[in-house]
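K.L.:
One structure follows; several queries about it will come next.
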Amino acid sequence: MAPKREMKTIAVFSLKGGVGKSTFAVNIASAAAMLSARRTLLWDLDPQAAATWLLAPDAEARDAASAVFSREVDPTEICKPTATGLDLLAADVSLRGLERLLFKLDKKRRLAKLLADLARSYERVVLDCPPGLSETAEQVLRGADLIVTPVVPSPLARKALDDLVDVLVRRGGKHPPILPVFSMVDRRRKLHLEALETHPDWPVVSYSSLVEQMGTRRAPLAVYARQSQPAEQFAAIWQAVERRLARE
């Protein structure tokens with residue numbers, strides 16, 4: 001009998017918006033499903049629903065995303081398969097009220113418990129998280145096994161990473177490890193090159209029109225540009241994620 005494969009949760013999270021977070025979530029989840037053949041769920045927690053829009057262009061509009069947290073809806077009932085081999089727990093407009101709901105419920109580990117319930121069905125869960133420090137973020141920090149943080153090589157984006165580290169230190173106790181990843185790198189820019197030299201061990205995703213095409217093709221890079229540099233870079237990031245999870 002094959003050994004049971006333990007579920008792990010990877011949160012794609014940044015205090016700063018506009019760093020390519022949903023792009024990372026979609027391509028990391030795609031790599032888990034397509035390259036590692038993992039039973040993978042992408043859970044879109046961002047009210048902007050960018051990952052949902054990219055993976056499920058014809059998704060039926062529902063107001064069930066926040067009801068999962070109040071236990072009115074079983075998450076497995078609304079997890080839907082996508083064309084790329086992974087399942088999606090879609091975001092919808094109800095997530096705009098999630099902060100109020102979480103405060104009202106006063107259940108600090110609700111997300112962690114929901115993730116534990118999903119362990120029967122999935123080996124990897126990727127969370128596309130809204131930016132900023134909020135109650136949702138606190139729930140994510142309690143429930144994730146690893147945080148992937150996209151960082152654009154700029155002072156503001158680097159500050160967001162430093163602020164996140166400070167938050168984790170101030171919280172005390174156990175917290176998930178962080179895997180910082182350079183996003184939208186343009187090697188023609190001196191500032192970007194200097195950042196890469198400062199952190200040569202960080203994974204990199206280059207700025208590319210192929211990545212921008214995700215918005216028109218509504219699919220991960222592995223579907224329409226599998227041999228491209230950015231697709232290979234996301235595959236390398238997924239390998240780094242798996243190595244880090246195994247080490248932890």
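By convention in this document, the chains of the structure tokens carry letters A, B, ... by their order, each chain's residues are numbered from 1, and ligands are numbered from 1 in the order they are shown.
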If you take only C-alpha atoms and a cut-off of 12 Å, which residues of range 43-159 of chain A touch range 194-213 of chain A, and what are their nearest atom pairs and distances in Å to one decimal, in chain and number order, as a tab-separated table?

P.N.:
```
residue	atom	partner	partner_atom	distance
A:Leu54	CA	A:Gln213	CA	10.6
A:Val148	CA	A:Pro203	CA	10.6
A:Thr149	CA	A:Trp202	CA	10.8
A:Pro150	CA	A:Val205	CA	9.2
A:Val151	CA	A:Val204	CA	9.4
A:Val152	CA	A:Ala195	CA	9.3
A:Pro153	CA	A:Ala195	CA	5.8
A:Ser154	CA	A:Ala195	CA	7.9
A:Pro155	CA	A:Ala195	CA	9.4
A:Ala157	CA	A:Ala195	CA	11.2
A:Arg158	CA	A:Ala195	CA	9.3
```

K.L.:
Enumerate as a PyMOL selection string all residues of range 10-230 of chain A assigned to helix (DSSP H, G or I) by DSSP on the backbone, naming them with the chain letters and numbers the document uses.

P.N.:
chain A and resi 21-34+50-55+75-78+93-105+110-118+135-143+155-171+190-198+209-212+214-217+221-224+229-230

K.L.:
Please list as an MDAnalysis selection string every residue within 12 Å of Ser14 in chain A, counting only C-alpha atoms and excluding residues in the same chain fewer than 6 positions away.

P.N.:
chainID A and resid 20:22 24:25 46 127:134 137 140:141 147:152 156:165 167 178:181 183

K.L.:
Write to file, as a CSV table (one decimal), in the first residue's frame, the residues of the selection just made, with N, CA and C atoms.

P.N.:
```csv
chain,number,residue,atom,x,y,z
A,20,GLY,N,1.9,40.8,-8.5
A,20,GLY,CA,1.7,39.6,-9.3
A,20,GLY,C,1.2,38.4,-8.5
A,21,LYS,N,0.6,38.7,-7.4
A,21,LYS,CA,0.2,37.6,-6.5
A,21,LYS,C,-0.7,36.6,-7.1
A,22,SER,N,-1.8,37.0,-7.8
A,22,SER,CA,-2.7,36.0,-8.4
A,22,SER,C,-2.0,35.2,-9.5
A,24,PHE,N,1.1,34.4,-9.6
A,24,PHE,CA,1.9,33.4,-8.9
A,24,PHE,C,1.0,32.2,-8.4
A,25,ALA,N,-0.1,32.6,-7.8
A,25,ALA,CA,-1.0,31.5,-7.3
A,25,ALA,C,-1.5,30.6,-8.4
A,46,ASP,N,-9.3,36.3,-2.3
A,46,ASP,CA,-9.2,37.7,-2.6
A,46,ASP,C,-10.6,38.2,-3.2
A,127,LEU,N,-3.4,29.1,-1.6
A,127,LEU,CA,-4.3,30.2,-1.2
A,127,LEU,C,-3.8,31.5,-1.9
A,128,ASP,N,-4.8,32.1,-2.7
A,128,ASP,CA,-4.5,33.4,-3.2
A,128,ASP,C,-5.1,34.4,-2.2
A,129,CYS,N,-4.3,35.1,-1.5
A,129,CYS,CA,-4.7,35.9,-0.4
A,129,CYS,C,-4.8,37.4,-0.8
A,130,PRO,N,-5.8,38.1,-0.2
A,130,PRO,CA,-5.8,39.5,-0.4
A,130,PRO,C,-4.6,40.2,0.2
A,131,PRO,N,-4.2,41.4,-0.3
A,131,PRO,CA,-3.0,42.1,0.3
A,131,PRO,C,-3.4,42.7,1.6
A,132,GLY,N,-2.4,43.1,2.4
A,132,GLY,CA,-2.6,43.8,3.6
A,132,GLY,C,-2.7,42.9,4.8
A,133,LEU,N,-2.5,43.6,6.0
A,133,LEU,CA,-2.6,42.8,7.2
A,133,LEU,C,-4.1,43.0,7.8
A,134,SER,N,-4.8,41.9,7.8
A,134,SER,CA,-6.2,41.9,8.2
A,134,SER,C,-6.5,40.6,9.0
A,137,ALA,N,-5.7,37.7,6.8
A,137,ALA,CA,-4.2,37.4,6.8
A,137,ALA,C,-3.8,36.7,8.1
A,140,VAL,N,-4.7,33.2,7.7
A,140,VAL,CA,-3.8,32.5,6.8
A,140,VAL,C,-2.5,32.2,7.5
A,141,LEU,N,-2.0,33.1,8.3
A,141,LEU,CA,-0.7,32.8,9.0
A,141,LEU,C,-0.8,31.7,10.0
A,147,ILE,N,4.6,30.4,3.2
A,147,ILE,CA,4.2,31.6,2.5
A,147,ILE,C,5.1,31.9,1.4
A,148,VAL,N,4.6,32.0,0.2
A,148,VAL,CA,5.3,32.5,-1.0
A,148,VAL,C,5.0,34.0,-1.1
A,149,THR,N,6.0,34.8,-1.1
A,149,THR,CA,5.8,36.3,-1.2
A,149,THR,C,6.5,36.9,-2.4
A,150,PRO,N,5.7,37.3,-3.4
A,150,PRO,CA,6.3,37.9,-4.6
A,150,PRO,C,6.8,39.3,-4.2
A,151,VAL,N,8.0,39.6,-4.7
A,151,VAL,CA,8.6,40.9,-4.4
A,151,VAL,C,9.1,41.5,-5.7
A,152,VAL,N,8.5,42.6,-6.1
A,152,VAL,CA,9.1,43.4,-7.3
A,152,VAL,C,10.3,44.1,-6.8
A,156,LEU,N,9.8,49.9,-2.3
A,156,LEU,CA,8.5,49.7,-1.6
A,156,LEU,C,8.1,48.3,-1.5
A,157,ALA,N,8.3,47.5,-2.5
A,157,ALA,CA,8.0,46.0,-2.4
A,157,ALA,C,8.9,45.3,-1.4
A,158,ARG,N,10.2,45.7,-1.4
A,158,ARG,CA,11.1,45.1,-0.4
A,158,ARG,C,10.6,45.5,1.0
A,159,LYS,N,10.2,46.8,1.2
A,159,LYS,CA,9.7,47.2,2.5
A,159,LYS,C,8.5,46.4,2.9
A,160,ALA,N,7.6,46.0,2.0
A,160,ALA,CA,6.5,45.2,2.3
A,160,ALA,C,6.9,43.8,2.9
A,161,LEU,N,8.0,43.3,2.3
A,161,LEU,CA,8.5,42.0,2.8
A,161,LEU,C,9.1,42.2,4.2
A,162,ASP,N,9.9,43.2,4.4
A,162,ASP,CA,10.5,43.5,5.7
A,162,ASP,C,9.4,43.7,6.7
A,163,ASP,N,8.3,44.4,6.3
A,163,ASP,CA,7.2,44.6,7.3
A,163,ASP,C,6.5,43.3,7.7
A,164,LEU,N,6.4,42.4,6.7
A,164,LEU,CA,5.8,41.1,6.9
A,164,LEU,C,6.6,40.3,7.9
A,165,VAL,N,7.9,40.3,7.7
A,165,VAL,CA,8.8,39.6,8.7
A,165,VAL,C,8.7,40.2,10.0
A,167,VAL,N,6.1,41.7,11.3
A,167,VAL,CA,4.8,41.2,11.9
A,167,VAL,C,4.9,39.8,12.5
A,178,ILE,N,8.8,31.8,5.2
A,178,ILE,CA,8.6,32.6,4.0
A,178,ILE,C,9.5,32.3,2.9
A,179,LEU,N,9.0,32.1,1.7
A,179,LEU,CA,9.8,31.9,0.5
A,179,LEU,C,9.7,33.2,-0.4
A,180,PRO,N,10.6,34.2,-0.3
A,180,PRO,CA,10.5,35.3,-1.1
A,180,PRO,C,10.9,35.0,-2.6
A,181,VAL,N,10.1,35.6,-3.5
A,181,VAL,CA,10.4,35.4,-5.0
A,181,VAL,C,10.4,36.7,-5.7
A,183,SER,N,9.5,39.1,-8.6
A,183,SER,CA,8.5,39.2,-9.6
A,183,SER,C,8.7,40.3,-10.5
```

K.L.:
Do a neighbour search on Asp87 in chain A at 8 Å with only C-alpha atoms, toss out local chain neighbours closer than 5 positions, and write the hits as JSON, numbers by chain.

P.N.:
{"A": [40, 41, 42, 79, 80, 81, 82]}

K.L.:
Between CA of Leu86 in chain A and CA of Gly215 in chain A, what is the distance, to one decimal in Å?

P.N.:
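Between CA of Leu86 in chain A and CA of Gly215 in chain A the gap is 18.5 Å.
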
K.L.:
Using DSSP on the backbone coordinates, identify all residues within range 119-241 of chain A classified as strand (DSSP E or B); present the result as a list in words.

P.N.:
Arg124, Val125, Val126, Leu127, Asp128, Leu146, Ile147, Val148, Thr149, Pro150, Val151, Ile178, Leu179, Pro180, Val181, Phe182, Ser183, Met184, Val185, Val204, Val205 and Ser206 of chain A

K.L.:
I'd like a table as a tab-separated table: residues in range 13-35 of chain A with an atom no more than 8 Å from range 235-243 of chain A, each row giving the shortest atom pair and its distance in Å to one decimal, only C-alpha atoms counted, sorted by chain and rising residue number.

P.N.:
```
residue	atom	partner	partner_atom	distance
A:Ile28	CA	A:Trp238	CA	5.9
A:Ala31	CA	A:Ala235	CA	6.1
A:Ala32	CA	A:Trp238	CA	7.0
A:Leu35	CA	A:Ala235	CA	7.8
```

K.L.:
Write the residues of the preceding selection, restricted to N, CA and C atoms, as a PDB file, in the first residue's frame.

P.N.:
```pdb
ATOM      1  N   ILE A  28       1.612  28.507  -9.715  1.00  0.00           N
ATOM      2  CA  ILE A  28       2.102  27.547  -8.721  1.00  0.00           C
ATOM      3  C   ILE A  28       1.131  26.380  -8.576  1.00  0.00           C
ATOM      4  N   ALA A  31       1.407  24.178 -11.562  1.00  0.00           N
ATOM      5  CA  ALA A  31       2.603  23.326 -11.512  1.00  0.00           C
ATOM      6  C   ALA A  31       2.400  22.150 -10.572  1.00  0.00           C
ATOM      7  N   ALA A  32       1.730  22.390  -9.437  1.00  0.00           N
ATOM      8  CA  ALA A  32       1.462  21.298  -8.500  1.00  0.00           C
ATOM      9  C   ALA A  32       0.643  20.204  -9.159  1.00  0.00           C
ATOM     10  N   LEU A  35       2.743  19.236 -13.057  1.00  0.00           N
ATOM     11  CA  LEU A  35       4.114  18.730 -13.010  1.00  0.00           C
ATOM     12  C   LEU A  35       4.287  17.659 -11.942  1.00  0.00           C
TER      13      LEU A  35
END
```

K.L.:
In Å, how far is it from CA of Tyr122 in chain A to CA of Ile10 in chain A?

P.N.:
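CA of Ile10 in chain A lies at a distance of 12.5 Å from CA of Tyr122 in chain A.
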
K.L.:
Return as CSV the residues of range 47-115 of chain A lying at most 12 Å from range 222-228 of chain A, together with the closest atom-to-atom pair for each and the distance in Å to one decimal, counting only C-alpha atoms, with rows in chain order and ascending residue number.

P.N.:
```
residue,atom,partner,partner_atom,distance
A:Leu55,CA,A:Val223,CA,11.4
A:Ala83,CA,A:Val223,CA,9.5
A:Thr84,CA,A:Val223,CA,7.5
A:Gly85,CA,A:Val223,CA,10.8
```

K.L.:
Write the selection just made, keeping C-alpha atoms, as a tab-separated table (two decimals), in the first residue's frame?

P.N.:
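selection.tsv, freshly written:
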```tsv
chain	number	residue	atom	x	y	z
A	55	LEU	CA	-9.11	29.89	-14.22
A	83	ALA	CA	-9.41	22.59	-17.48
A	84	THR	CA	-5.85	22.51	-16.09
A	85	GLY	CA	-6.23	19.54	-13.75
```

K.L.:
Just the residues within 7 Å of Asp63 in chain A, please, counting only C-alpha atoms, with nothing from its chain fewer than 5 positions along; format it as a JSON list (two decimals) with N, CA and C atoms, in the first residue's frame.

P.N.:
```
[["chain", "number", "residue", "atom", "x", "y", "z"],
["A", 92, "ASP", "N", -15.98, 35.25, -4.67],
["A", 92, "ASP", "CA", -17.13, 36.00, -5.16],
["A", 92, "ASP", "C", -17.30, 37.25, -4.30],
["A", 93, "VAL", "N", -18.33, 38.04, -4.59],
["A", 93, "VAL", "CA", -18.49, 39.34, -3.93],
["A", 93, "VAL", "C", -18.75, 39.21, -2.44],
["A", 94, "SER", "N", -19.17, 38.04, -1.97],
["A", 94, "SER", "CA", -19.44, 37.89, -0.54],
["A", 94, "SER", "C", -18.18, 38.03, 0.30]]
```

K.L.:
Select, from A:Leu89, A:Leu15, A:Ile78, A:Val125, the residue with the minimum atom-to-atom distance to Thr52 in chain A, counting only C-alpha atoms.

P.N.:
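Counting only C-alpha atoms, the residue closest to Thr52 in chain A is A:Leu89.
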
K.L.:
Please, what distance in Å, to one decimal, runs between CA of Ala65 in chain A and CA of Leu45 in chain A?

P.N.:
8.1 Å

K.L.:
Which residue is closest to Thr23 in chain A? Choose from A:His175, A:Gly97, A:Leu111, A:Asp44 and count only C-alpha atoms.

P.N.:
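Among the listed residues, the smallest separation from Thr23 in chain A belongs to A:Asp44.
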
K.L.:
A:Leu95, A:Ala56, A:Val185, A:Leu118: which is nearest Ala219 in chain A, counting only C-alpha atoms?

P.N.:
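Residue with the minimum atom-to-atom distance to Ala219 in chain A: A:Ala56.
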
K.L.:
From the set A:Val73, A:Phe182, A:Glu135, A:Lys190, which residue has the shortest atom-to-atom contact distance to Gln233 in chain A, counting only C-alpha atoms?

P.N.:
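Result for the nearest residue to Gln233 in chain A: A:Phe182.
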